[in-house]
$ cat my_file.txt   # compact mmCIF, C-alpha atoms
# COMPACT_ATOMS: atom_id res chain seq x y z
CA MET A 11 106.50 95.17 84.34
CA LYS A 12 109.52 96.94 85.80
CA ALA A 13 109.28 100.54 86.99
CA ARG A 14 111.90 101.70 84.49
CA SER A 15 109.97 100.19 81.57
CA LEU A 16 106.76 101.82 82.80
CA ARG A 17 108.50 105.22 82.92
CA TRP A 18 109.61 104.79 79.29
CA LEU A 19 106.07 103.80 78.32
CA SER A 20 104.72 106.85 80.17
CA LEU A 21 107.18 109.05 78.32
CA ALA A 22 105.97 107.53 75.03
CA ASP A 23 102.35 108.18 76.02
CA VAL A 24 102.91 111.87 76.81
CA SER A 25 105.07 112.57 73.75
CA LEU A 26 104.08 110.20 70.94
CA LEU A 27 100.31 110.13 71.46
CA PRO A 28 99.97 113.96 71.19
CA ALA A 29 102.16 113.83 68.06
CA PHE A 30 99.85 111.18 66.62
CA VAL A 31 96.79 113.29 67.55
CA LEU A 32 98.19 116.25 65.62
CA TRP A 33 99.08 114.03 62.66
CA PHE A 34 95.55 112.64 62.67
CA ILE A 35 93.95 116.10 62.90
CA TRP A 36 96.04 117.65 60.15
CA GLN A 37 96.43 114.75 57.73
CA LEU A 38 95.28 111.23 58.59
CA GLN A 39 91.60 112.04 59.06
CA PHE A 40 91.58 113.07 55.39
CA THR A 41 93.90 110.43 53.95
CA ALA A 42 93.52 107.40 56.24
CA ARG A 43 90.39 107.89 58.32
CA TRP A 44 90.56 104.31 59.66
CA THR A 45 93.58 105.30 61.77
CA TRP A 46 91.25 106.54 64.52
CA TRP A 47 91.38 102.91 65.68
CA ILE A 48 94.98 103.54 66.71
CA PHE A 49 93.65 105.84 69.46
CA VAL A 50 91.45 103.07 70.83
CA LEU A 51 94.22 100.48 70.71
CA TRP A 52 96.74 102.90 72.23
CA LEU A 53 94.42 103.71 75.15
CA LEU A 54 93.63 100.06 75.83
CA ALA A 55 97.27 98.98 75.57
CA SER A 56 98.43 101.76 77.88
CA PHE A 57 95.73 101.05 80.47
CA LEU A 58 96.57 97.33 80.40
CA LEU A 59 100.35 97.76 80.53
CA HIS A 60 100.10 100.22 83.44
CA ARG A 61 97.52 98.02 85.16
CA ASP A 62 95.04 100.86 85.44
CA ASN A 63 91.64 100.21 86.94
CA PRO A 64 88.36 102.16 87.11
CA LYS A 65 89.57 104.04 90.19
CA THR A 66 92.89 105.17 88.67
CA ILE A 67 91.31 106.27 85.37
CA GLY A 68 88.45 108.15 87.03
CA TRP A 69 85.55 105.90 86.04
CA ARG A 70 83.95 105.64 89.44
CA ALA A 71 80.86 106.64 91.39
CA ASP A 72 82.18 106.54 94.97
CA ASN A 73 83.59 110.08 94.80
CA ILE A 74 81.17 111.70 92.37
CA TRP A 75 79.94 114.27 94.90
CA ALA A 76 83.43 115.34 96.04
CA ALA A 77 84.60 115.61 92.42
CA THR A 78 81.45 117.53 91.45
CA LYS A 79 81.82 120.05 94.30
CA LEU A 80 85.41 120.79 93.29
CA ALA A 81 84.44 121.02 89.61
CA LEU A 82 81.51 123.35 90.37
CA ILE A 83 83.80 125.81 92.15
CA VAL A 84 86.51 125.83 89.47
CA PHE A 85 84.19 125.74 86.44
CA SER A 86 81.93 128.46 87.91
CA LEU A 87 84.92 130.77 88.21
CA MET A 88 86.01 129.94 84.65
CA ALA A 89 82.48 130.42 83.28
CA ALA A 90 82.20 133.79 85.03
CA GLY A 91 85.54 134.80 83.51
CA LEU A 92 84.35 133.78 80.03
CA VAL A 93 81.12 135.74 80.45
CA VAL A 94 83.07 138.86 81.54
CA ILE A 95 85.50 138.47 78.62
CA GLY A 96 82.53 138.05 76.26
CA MET A 97 80.93 141.23 77.60
CA LEU A 98 84.19 143.18 77.31
CA LEU A 99 84.59 141.97 73.72
CA ARG A 100 80.91 142.80 73.03
CA ALA A 101 80.04 139.27 71.99
CA PRO A 102 76.44 138.73 70.84
CA ARG A 103 74.09 138.20 73.78
CA HIS A 104 71.71 135.84 72.02
CA LEU A 105 72.39 132.13 71.83
CA PRO A 106 72.75 130.48 68.44
CA PRO A 107 69.65 128.32 67.84
CA ASN A 108 71.56 125.02 67.61
CA LEU A 109 73.60 125.62 70.78
CA VAL A 110 70.92 124.33 73.13
CA SER A 111 69.69 121.41 71.05
CA TRP A 112 69.85 118.12 73.00
CA PRO A 113 71.41 116.08 70.16
CA ARG A 114 74.21 118.64 69.81
CA LEU A 115 74.78 118.82 73.57
CA TRP A 116 74.87 115.02 73.86
CA ARG A 117 77.40 114.67 71.01
CA TYR A 118 79.53 117.45 72.46
CA PHE A 119 79.44 115.87 75.93
CA ALA A 120 80.58 112.54 74.41
CA PHE A 121 83.42 114.37 72.64
CA CYS A 122 84.40 116.07 75.92
CA LEU A 123 84.29 112.72 77.73
CA LEU A 124 86.74 111.33 75.18
CA HIS A 125 88.93 114.40 75.77
CA GLN A 126 88.90 113.72 79.51
CA VAL A 127 89.81 110.07 79.10
CA VAL A 128 92.79 111.00 76.93
CA LEU A 129 93.74 114.15 78.86
CA ASN A 130 93.42 112.82 82.39
CA SER A 131 92.90 109.06 82.49
CA LEU A 132 95.94 108.67 80.25
CA MET A 133 98.04 111.84 79.91
CA HIS A 134 97.79 113.25 83.42
CA ASN A 135 98.18 109.83 85.04
CA ARG A 136 101.35 109.27 83.02
CA MET A 137 102.59 112.79 83.71
CA LEU A 138 102.11 112.22 87.44
CA SER A 139 104.31 109.13 87.14
CA LEU A 140 107.05 111.21 85.48
CA VAL A 141 106.89 114.51 87.42
CA ARG A 142 106.91 114.67 91.21
CA SER A 143 105.10 118.00 91.50
CA GLU A 144 101.31 117.87 91.23
CA TRP A 145 101.23 121.45 89.93
CA GLY A 146 104.08 120.77 87.51
CA ALA A 147 102.34 117.68 86.15
CA ALA A 148 99.08 119.64 85.74
CA ALA A 149 100.90 122.49 83.94
CA LEU A 150 102.64 120.05 81.57
CA THR A 151 99.37 118.23 80.90
CA GLY A 152 97.73 121.60 80.13
CA THR A 153 100.62 122.46 77.82
CA ILE A 154 100.11 119.22 75.86
CA PHE A 155 96.35 119.88 75.66
CA ALA A 156 97.01 123.41 74.39
CA ALA A 157 99.58 122.19 71.85
CA CYS A 158 96.96 119.85 70.40
CA HIS A 159 94.80 122.92 69.66
CA TRP A 160 97.56 124.70 67.75
CA PRO A 161 97.46 127.11 65.86
CA ASN A 162 94.08 128.51 67.01
CA PRO A 163 94.96 131.79 68.80
CA VAL A 164 91.82 131.63 70.98
CA LEU A 165 91.86 127.96 71.89
CA VAL A 166 95.56 127.59 72.69
CA PRO A 167 95.54 129.85 75.78
CA LEU A 168 92.06 128.74 76.86
CA THR A 169 92.92 125.06 76.57
CA PHE A 170 96.15 125.59 78.47
CA VAL A 171 94.31 127.13 81.42
CA GLY A 172 91.40 124.69 81.15
CA GLY A 173 93.61 121.65 80.61
CA ALA A 174 95.88 122.49 83.54
CA ALA A 175 92.90 123.17 85.82
CA MET A 176 91.14 119.95 84.78
CA ALA A 177 94.34 117.95 85.29
CA TRP A 178 94.75 119.48 88.74
CA MET A 179 91.12 118.66 89.62
CA PHE A 180 91.58 115.10 88.34
CA GLY A 181 94.64 114.71 90.52
CA ARG A 182 92.62 115.82 93.56
CA ALA A 183 89.42 113.82 92.90
CA ARG A 184 89.80 111.20 90.18
CA ASN A 185 86.52 111.34 88.28
CA VAL A 186 86.17 112.26 84.61
CA ILE A 187 82.37 112.75 84.54
CA PRO A 188 82.18 116.20 86.26
CA LEU A 189 85.20 117.28 84.19
CA ALA A 190 83.52 116.28 80.92
CA ILE A 191 80.32 118.11 81.89
CA GLY A 192 82.29 121.21 82.87
CA GLN A 193 84.30 121.10 79.66
CA ALA A 194 81.09 120.82 77.64
CA VAL A 195 79.63 123.87 79.40
CA LEU A 196 82.82 125.95 79.01
CA GLY A 197 83.27 124.87 75.38
CA SER A 198 79.68 125.91 74.64
CA LEU A 199 80.31 129.30 76.26
CA VAL A 200 83.43 129.82 74.18

$ encode --input "my_file.txt" --output "structure tokens"
Amino acid sequence: MKARSLRWLSLADVSLLPAFVLWFIWQLQFTARWTWWIFVLWLLASFLLHRDNPKTIGWRADNIWAATKLALIVFSLMAAGLVVIGMLLRAPRHLPPNLVSWPRLWRYFAFCLLHQVVLNSLMHNRMLSLVRSEWGAAALTGTIFAACHWPNPVLVPLTFVGGAAMAWMFGRARNVIPLAIGQAVLGSLV
């Protein structure tokens, strides 16, 4: 496929898929629940048309340690910031009983893994093909992630910072597994 066509497809991925996500969240999940299949088909079609492979979409084991080291540094700083904010806001210091249940953690990790595939394997990869600046692409990817959490006044700023940081980390060490684990930990803290 020609480079110009791929750019147009990338532009469709970063603009139309988030619009569809919002439509699904606010209406379709209640009126046409079956439309979740569109996500699956969209992802597969995009990966095929762009000729993505396990390395480009971050499904790999050869760099797991490098990606994990980077994620540990960034997510530790974010977790510390969330703990400090929680203390300043006098959040309860006891954990809700269901927070540490293994079934809940496993389901939440799977949800975060799906987020990472959409956010980074698709969105950030496409944004990198449209924007020359790595930081600019990460900021725009974070903006899209935050917009998909609208209108929650807590999640919008947190998902902007988290989404931009995760996109930046993905650009440096393409692996979605440490990012999904870190997102699950941060989401549980929030």

$ residues_around --input "my_file.txt" --residues "range 94-97 of chain A" --least-positions-apart "6" --cutoff "12 Å" --atoms "all atoms listed in the file" --output "VMD selection string"
chain A and resid 87 to 88 103 to 104 168 199 to 200

$ atom_distance --input "my_file.txt" --atom1 "CA of Gly173 in chain A" --atom2 "CA of Leu53 in chain A"
18.8 Å

$ atom_distance --input "my_file.txt" --atom1 "CA of Gln193 in chain A" --atom2 "CA of Val128 in chain A"
13.5 Å

$ closest_residue --input "my_file.txt" --among "A:Gln39, A:Met179, A:Leu27, A:Leu16" --to "Leu58 in chain A" --atoms "only C-alpha atoms"
A:Leu16

$ residues_near_point --input "my_file.txt" --point "(81.9, 120.5, 89.2)" --cutoff "12 Å" --atoms "only C-alpha atoms" --output "count of residues only"
34

$ closest_atom_pairs --input "my_file.txt" --of "range 104-169 of chain A" --to "range 43-51 of chain A" --cutoff "12 Å" --atoms "all atoms listed in the file" --output "tab-separated table"
residue	atom	partner	partner_atom	distance
A:Leu124	CA	A:Val50	CA	10.5
A:His125	CA	A:Phe49	CA	11.6
A:Val127	CA	A:Val50	CA	11.0
A:Val128	CA	A:Phe49	CA	9.1
A:Leu132	CA	A:Phe49	CA	11.4

$ atom_distance --input "my_file.txt" --atom1 "CA of Ala13 in chain A" --atom2 "CA of Asn135 in chain A"
14.6 Å
